[in-house]
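Read the structure below first, then the notes.
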Amino acid sequence: MRVIIIGAGVVGCAIAKELSEPNREVHVLEKNSKTGEGVTSRNSGVIHAGLYYPSDSLKAKLCMEGSGALYDWCEKKGVPHRKTGKLIVAPLLQEEALKNIYKNAITSGVSPSNLRWISKKEIQKINPYITGDIALHSMQSGIVDAVALCHSFYADAAQRGALFHFNCEVTEIERNTSSTLIHTSRGDLEADIVINAAGLYADDIAKLAGGDRYTIYPWRGDYFKVNLPYLIDILVYPVRKPDASGLGIHLTINLNSQTFLGPDSEPSHSKEDFSERPEKLMKFYEDASQLLSGLKPEMLTYETCGIRPKLRAFDSSEEKDFVISEDLPGFFNLIGIESPGLTASLAIARYVKQMLIY
């Protein structure tokens with residue numbers, strides 16, 4: 001059996017690792033020159049604990065399964081990561097909204113032992129510069145080097161026999177009764193099974209195969225680096241606003257203990273507009289001042305941006321779940337794999353494998 005995976009981001013590489021077996025020929029087609037150059041490379045690298053997603057959703061199920069698997073994988077393979085924990089901080093007037101996040105997390109399967117309520121005094125003990133009257137402490141949240149994680153999946157898949165084709169853009173897809181012919185910028189390949197893991201361009205790939213059910217809406221998120229005169233070694237989030245398209249501007253850290261604010265969330269006119277937006281500085285400063293004391297505008301410098309492949313339309317208030325579906329015989333679409341796609345990557349790979357088996 002020949003399986004072709006379109007896309008060598010963190011999800012595509014995780015699927016390649018999972019499917020590579022002696023009786024299965026796995027090919028991965030990637031239009032860029034190496035793995036993880038798309039959505040994966042512009043990811044904040046947060047390992048989510050499964051607090052926000054509807055309890056009956058694939059996002060909740062695969063985030064919960066994927067989080068534990070991801071920590072285990074990183075330990076086994078030496079992928080840089082850290083279980084930092086996360087504080088969702090709130091003033092007293094948002095206490096009810098914070099309780100709703102807690103209730104949703106428990107319903108989704110988060111263990112109560114991994115969540116704890118802390119008071120303003122306890123917040124100050126963790127770090128005196130973090131503001132808030134009350135906070136929910138998620139002890140399973142963390143960070144990972146997203147590009148290194150993707151490369152670890154790639155290396156494992158290649159060792160198992162998967163073949164990666166870089167600078168290889170899919171240009172046309174021909175379907176017949178028993179197989180699929182993929183035309184690419186580097187030649188043609190025939191496949192028994194095709195898995196569309198093309199991230200921001202997954203809807204375009206689906207259309208090439210004759211499906212027009214999906215539209216990916218590119219939601220942009222910018223980041224600012226913040227040079228704090230003190231160290232913060234925990235993630236700090238606000239309470240998510242109802243119907244918001246993101247979690248709100250929050251404080252993240254990387255494995256070098258550098259601190260960043262973002263991402264925000266706004267519609268983008270293009271899937272490829274990564275131009276700088278330094279004019280957002282004061283908005284980021286004002287929002288972040290609700291999380292941290294002693295912040296000054298001059299501490300912020302523009303860093304970068306990412307674009308989420310959302311199924312949520314720009315004029316909609318409804319978040320959409322992952323789509324992982326065999327829409328045509330032997331043709332599997334993975335659409336709208338945004339956050340928590342990184343956290344869920346290993347679980348997504350196992351889910352796809354189960355679909356192939358059954």
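How things are named: the first chain in the structure tokens is A, the next is B, and so on; residues count from 1 in each chain; ligands count from 1 in the order shown.
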
For this session: Using DSSP on the backbone coordinates, identify all residues within region 37-254 of chain A classified as strand (DSSP E or B); present the result as a count of residues only.
Result: 62

Problem set entry | Spatial neighbours of Ser268 (chain A), 12 Å, only C-alpha atoms, chain gap at least 6 places, as a PyMOL selection string | chain A and resi 216-222+274-275+305-310+313-314

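Comparing A:Lys271, A:Lys241, A:Arg175, A:Lys86 by their smallest distance to Ala206 (chain A), the closest is A:Arg175 (using only C-alpha atoms).
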
Contacts between region 133-151 of chain A and region 20-84 of chain A, please, where a residue of region 20-84 of chain A counts if it comes within 9 Å (with only C-alpha atoms); show its shortest atom pair and distance in Å to one decimal, rows by chain and ascending number, as CSV.
```
residue,atom,partner,partner_atom,distance
A:Thr35,CA,A:His151,CA,6.7
A:Gly36,CA,A:Val147,CA,5.9
A:Glu37,CA,A:Val147,CA,8.2
A:Thr40,CA,A:Ala146,CA,6.4
A:Ser41,CA,A:Val147,CA,6.0
A:Arg42,CA,A:Ala146,CA,8.7
A:Asn43,CA,A:Ala146,CA,6.9
A:Ser44,CA,A:Ala146,CA,7.9
A:Gly45,CA,A:Val144,CA,5.1
A:Val46,CA,A:Ile143,CA,4.4
A:Ile47,CA,A:Gly142,CA,4.8
A:His48,CA,A:Ser141,CA,5.3
A:Ala49,CA,A:Ser141,CA,5.3
A:Gly50,CA,A:Ser141,CA,8.9
A:Leu51,CA,A:Ser138,CA,8.6
A:Ser67,CA,A:Gln140,CA,8.3
A:Gly68,CA,A:Gln140,CA,8.9
A:Cys74,CA,A:Leu149,CA,7.6
A:Val79,CA,A:Leu149,CA,6.1
A:Pro80,CA,A:Asp145,CA,5.7
A:His81,CA,A:Val144,CA,4.1
A:Arg82,CA,A:Ile143,CA,5.4
A:Lys83,CA,A:Gly142,CA,4.1
A:Thr84,CA,A:Gly142,CA,4.7
```

Exercise. Counting only C-alpha atoms, what is within 8 Å of Ser293 (chain A), bar same-chain residues fewer than 6 positions away, as number ranges by chain?
Worked result: A: 129-131

Quick one: which region 156-220 of chain A residues come within 9 Å of region 324-338 of chain A, and what is the nearest atom pair for each with the distance in Å to one decimal, counting only C-alpha atoms, rows ordered by chain and ascending number, as JSON lines?
```
{"residue": "A:Thr177", "atom": "CA", "partner": "A:Pro329", "partner_atom": "CA", "distance": 8.5}
{"residue": "A:Ser178", "atom": "CA", "partner": "A:Gly330", "partner_atom": "CA", "distance": 8.6}
{"residue": "A:Ser179", "atom": "CA", "partner": "A:Gly330", "partner_atom": "CA", "distance": 7.7}
{"residue": "A:Thr180", "atom": "CA", "partner": "A:Gly330", "partner_atom": "CA", "distance": 8.3}
{"residue": "A:Ala191", "atom": "CA", "partner": "A:Gly330", "partner_atom": "CA", "distance": 8.9}
{"residue": "A:Asp192", "atom": "CA", "partner": "A:Gly330", "partner_atom": "CA", "distance": 6.6}
{"residue": "A:Ile193", "atom": "CA", "partner": "A:Gly330", "partner_atom": "CA", "distance": 4.7}
{"residue": "A:Val194", "atom": "CA", "partner": "A:Phe331", "partner_atom": "CA", "distance": 4.9}
{"residue": "A:Ile195", "atom": "CA", "partner": "A:Phe332", "partner_atom": "CA", "distance": 4.8}
{"residue": "A:Asn196", "atom": "CA", "partner": "A:Asn333", "partner_atom": "CA", "distance": 4.9}
{"residue": "A:Ala197", "atom": "CA", "partner": "A:Leu334", "partner_atom": "CA", "distance": 5.4}
{"residue": "A:Ala198", "atom": "CA", "partner": "A:Leu334", "partner_atom": "CA", "distance": 7.8}
{"residue": "A:Gly199", "atom": "CA", "partner": "A:Ile337", "partner_atom": "CA", "distance": 6.6}
{"residue": "A:Leu200", "atom": "CA", "partner": "A:Gly336", "partner_atom": "CA", "distance": 7.9}
{"residue": "A:Tyr201", "atom": "CA", "partner": "A:Ile335", "partner_atom": "CA", "distance": 8.9}
{"residue": "A:Ala202", "atom": "CA", "partner": "A:Ile335", "partner_atom": "CA", "distance": 5.9}
{"residue": "A:Asp203", "atom": "CA", "partner": "A:Ile335", "partner_atom": "CA", "distance": 6.8}
{"residue": "A:Ile205", "atom": "CA", "partner": "A:Asn333", "partner_atom": "CA", "distance": 8.7}
{"residue": "A:Ala206", "atom": "CA", "partner": "A:Asn333", "partner_atom": "CA", "distance": 6.9}
{"residue": "A:Ala209", "atom": "CA", "partner": "A:Phe331", "partner_atom": "CA", "distance": 8.4}
{"residue": "A:Gly211", "atom": "CA", "partner": "A:Asp327", "partner_atom": "CA", "distance": 8.0}
{"residue": "A:Tyr214", "atom": "CA", "partner": "A:Ile335", "partner_atom": "CA", "distance": 7.7}
{"residue": "A:Thr215", "atom": "CA", "partner": "A:Ile335", "partner_atom": "CA", "distance": 8.8}
{"residue": "A:Ile216", "atom": "CA", "partner": "A:Gly336", "partner_atom": "CA", "distance": 6.7}
{"residue": "A:Tyr217", "atom": "CA", "partner": "A:Gly336", "partner_atom": "CA", "distance": 8.8}
```

Print the selection's residues with N, CA, C and O atoms to a file, as a CSV table (one decimal), in the first residue's frame.
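That gives us part.csv:
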```
chain,number,residue,atom,x,y,z
A,177,THR,N,-11.1,5.0,-9.8
A,177,THR,CA,-11.9,4.1,-8.9
A,177,THR,C,-11.0,3.4,-7.8
A,177,THR,O,-11.4,3.1,-6.7
A,178,SER,N,-9.7,3.2,-8.1
A,178,SER,CA,-8.9,2.5,-7.2
A,178,SER,C,-7.7,3.2,-6.6
A,178,SER,O,-7.0,2.7,-5.7
A,179,SER,N,-7.4,4.4,-7.2
A,179,SER,CA,-6.2,5.1,-6.7
A,179,SER,C,-6.3,6.6,-7.1
A,179,SER,O,-7.3,7.0,-7.7
A,180,THR,N,-5.3,7.3,-6.6
A,180,THR,CA,-5.2,8.8,-6.9
A,180,THR,C,-3.9,9.1,-7.5
A,180,THR,O,-2.8,8.7,-7.0
A,191,ALA,N,-1.1,7.0,-5.6
A,191,ALA,CA,-1.3,6.6,-4.2
A,191,ALA,C,-2.6,5.8,-4.0
A,191,ALA,O,-3.6,6.0,-4.7
A,192,ASP,N,-2.5,4.8,-3.1
A,192,ASP,CA,-3.7,4.1,-2.7
A,192,ASP,C,-4.5,5.0,-1.6
A,192,ASP,O,-5.7,5.0,-1.6
A,193,ILE,N,-3.7,5.7,-0.8
A,193,ILE,CA,-4.3,6.5,0.2
A,193,ILE,C,-3.7,7.9,0.2
A,193,ILE,O,-2.4,8.0,0.0
A,194,VAL,N,-4.5,8.9,0.3
A,194,VAL,CA,-3.9,10.3,0.3
A,194,VAL,C,-4.4,10.9,1.6
A,194,VAL,O,-5.6,10.8,2.0
A,195,ILE,N,-3.5,11.6,2.4
A,195,ILE,CA,-3.8,12.3,3.6
A,195,ILE,C,-3.4,13.7,3.4
A,195,ILE,O,-2.3,14.1,3.2
A,196,ASN,N,-4.4,14.6,3.4
A,196,ASN,CA,-4.2,16.0,3.2
A,196,ASN,C,-4.0,16.7,4.5
A,196,ASN,O,-4.9,17.0,5.3
A,197,ALA,N,-2.7,17.0,4.8
A,197,ALA,CA,-2.3,17.7,6.0
A,197,ALA,C,-1.6,19.0,5.7
A,197,ALA,O,-0.5,19.3,6.2
A,198,ALA,N,-2.2,19.7,4.8
A,198,ALA,CA,-1.5,20.9,4.2
A,198,ALA,C,-1.7,22.2,4.9
A,198,ALA,O,-1.5,23.3,4.4
A,199,GLY,N,-2.3,22.1,6.1
A,199,GLY,CA,-2.3,23.3,7.0
A,199,GLY,C,-3.2,24.4,6.4
A,199,GLY,O,-4.4,24.2,6.1
A,200,LEU,N,-2.6,25.6,6.2
A,200,LEU,CA,-3.3,26.7,5.6
A,200,LEU,C,-3.9,26.5,4.3
A,200,LEU,O,-4.9,27.1,3.8
A,201,TYR,N,-3.3,25.5,3.6
A,201,TYR,CA,-3.7,25.3,2.2
A,201,TYR,C,-4.5,24.0,2.0
A,201,TYR,O,-4.7,23.5,0.9
A,202,ALA,N,-4.9,23.4,3.1
A,202,ALA,CA,-5.6,22.1,3.1
A,202,ALA,C,-6.9,22.3,2.3
A,202,ALA,O,-7.4,21.3,1.6
A,203,ASP,N,-7.6,23.4,2.3
A,203,ASP,CA,-8.8,23.6,1.5
A,203,ASP,C,-8.5,23.6,0.0
A,203,ASP,O,-9.3,23.1,-0.8
A,205,ILE,N,-6.0,22.0,-1.4
A,205,ILE,CA,-5.7,20.6,-1.8
A,205,ILE,C,-7.0,19.8,-1.9
A,205,ILE,O,-7.2,19.0,-2.9
A,206,ALA,N,-8.0,20.0,-1.0
A,206,ALA,CA,-9.3,19.4,-1.1
A,206,ALA,C,-10.0,19.7,-2.3
A,206,ALA,O,-10.6,18.9,-3.0
A,209,ALA,N,-8.9,17.9,-5.4
A,209,ALA,CA,-9.4,16.5,-5.4
A,209,ALA,C,-10.9,16.4,-5.8
A,209,ALA,O,-11.5,15.4,-5.8
A,211,GLY,N,-13.3,18.3,-4.2
A,211,GLY,CA,-14.2,18.7,-3.1
A,211,GLY,C,-14.3,20.2,-2.8
A,211,GLY,O,-13.2,20.9,-2.9
A,214,TYR,N,-15.0,22.9,1.9
A,214,TYR,CA,-14.2,23.6,3.0
A,214,TYR,C,-13.6,24.9,2.5
A,214,TYR,O,-13.2,25.1,1.4
A,215,THR,N,-13.7,25.9,3.4
A,215,THR,CA,-12.9,27.1,3.2
A,215,THR,C,-12.1,27.4,4.5
A,215,THR,O,-12.7,27.5,5.6
A,216,ILE,N,-10.9,27.6,4.3
A,216,ILE,CA,-10.0,28.0,5.5
A,216,ILE,C,-9.9,29.5,5.5
A,216,ILE,O,-9.6,30.2,4.5
A,217,TYR,N,-10.2,30.1,6.7
A,217,TYR,CA,-10.1,31.5,6.9
A,217,TYR,C,-8.8,31.8,7.6
A,217,TYR,O,-8.6,31.3,8.7
```

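One distance worth recording is that between CA of Leu29 (chain A) and CA of Lys320 (chain A), which is 26.9 Å.
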
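Picture a line from CA of Asn114 (chain A) to CA of Gly85 (chain A); it runs 9.6 Å.
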
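Within 12 Å of Ala244 (chain A), once only C-alpha atoms are used and residues closer than 2 positions along the same chain are dropped, the contacting residues are Tyr52, Trp219, Val239, Arg240, Lys241, Pro242, Gly246, Leu247, Gly248, Ile249, Asp264, Ser265, Glu266, Arg312, Phe314, Asp315, Ser316, Ser317, Glu318 and Glu319 of chain A.
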
For this session: Using DSSP on the backbone coordinates, identify the residues of region 65-305 of chain A assigned to helix (DSSP H, G or I); present them as a PyMOL selection string.
Result: chain A and resi 65-77+92-107+112-114+120-126+146-159+199-208+278-288+297-299

For this session: Return the single residue from A:Leu255, A:Val11, A:Ala347, A:Leu208 that is closest to Cys63 (chain A), with distances computed using only C-alpha atoms.
Result: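 Nearest candidate to Cys63 (chain A) out of A:Leu255, A:Val11, A:Ala347, A:Leu208: A:Ala347.
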
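Separating CA of His183 (chain A) from CA of Thr171 (chain A) is a distance of 5.6 Å.
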
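When the distance limit is 7 Å and only C-alpha atoms are what count, the residues near Thr259 (chain A), minus those fewer than 5 positions from it on the same chain, are Lys225, Val226, Asn227, Leu251, Thr252, Ile253 and Asn254 of chain A.
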
With C-alpha atoms retained, could you export that selection as a PDB file, in the first residue's frame?
```
ATOM      1  CA  LYS A 225       8.857  40.525  22.588  1.00  0.00           C
ATOM      2  CA  VAL A 226       8.830  42.065  26.066  1.00  0.00           C
ATOM      3  CA  ASN A 227      12.074  42.816  27.868  1.00  0.00           C
ATOM      4  CA  LEU A 251       2.395  36.148  28.174  1.00  0.00           C
ATOM      5  CA  THR A 252       4.364  33.219  26.820  1.00  0.00           C
ATOM      6  CA  ILE A 253       7.961  32.213  27.343  1.00  0.00           C
ATOM      7  CA  ASN A 254      10.444  30.250  25.301  1.00  0.00           C
TER       8      ASN A 254
END
```
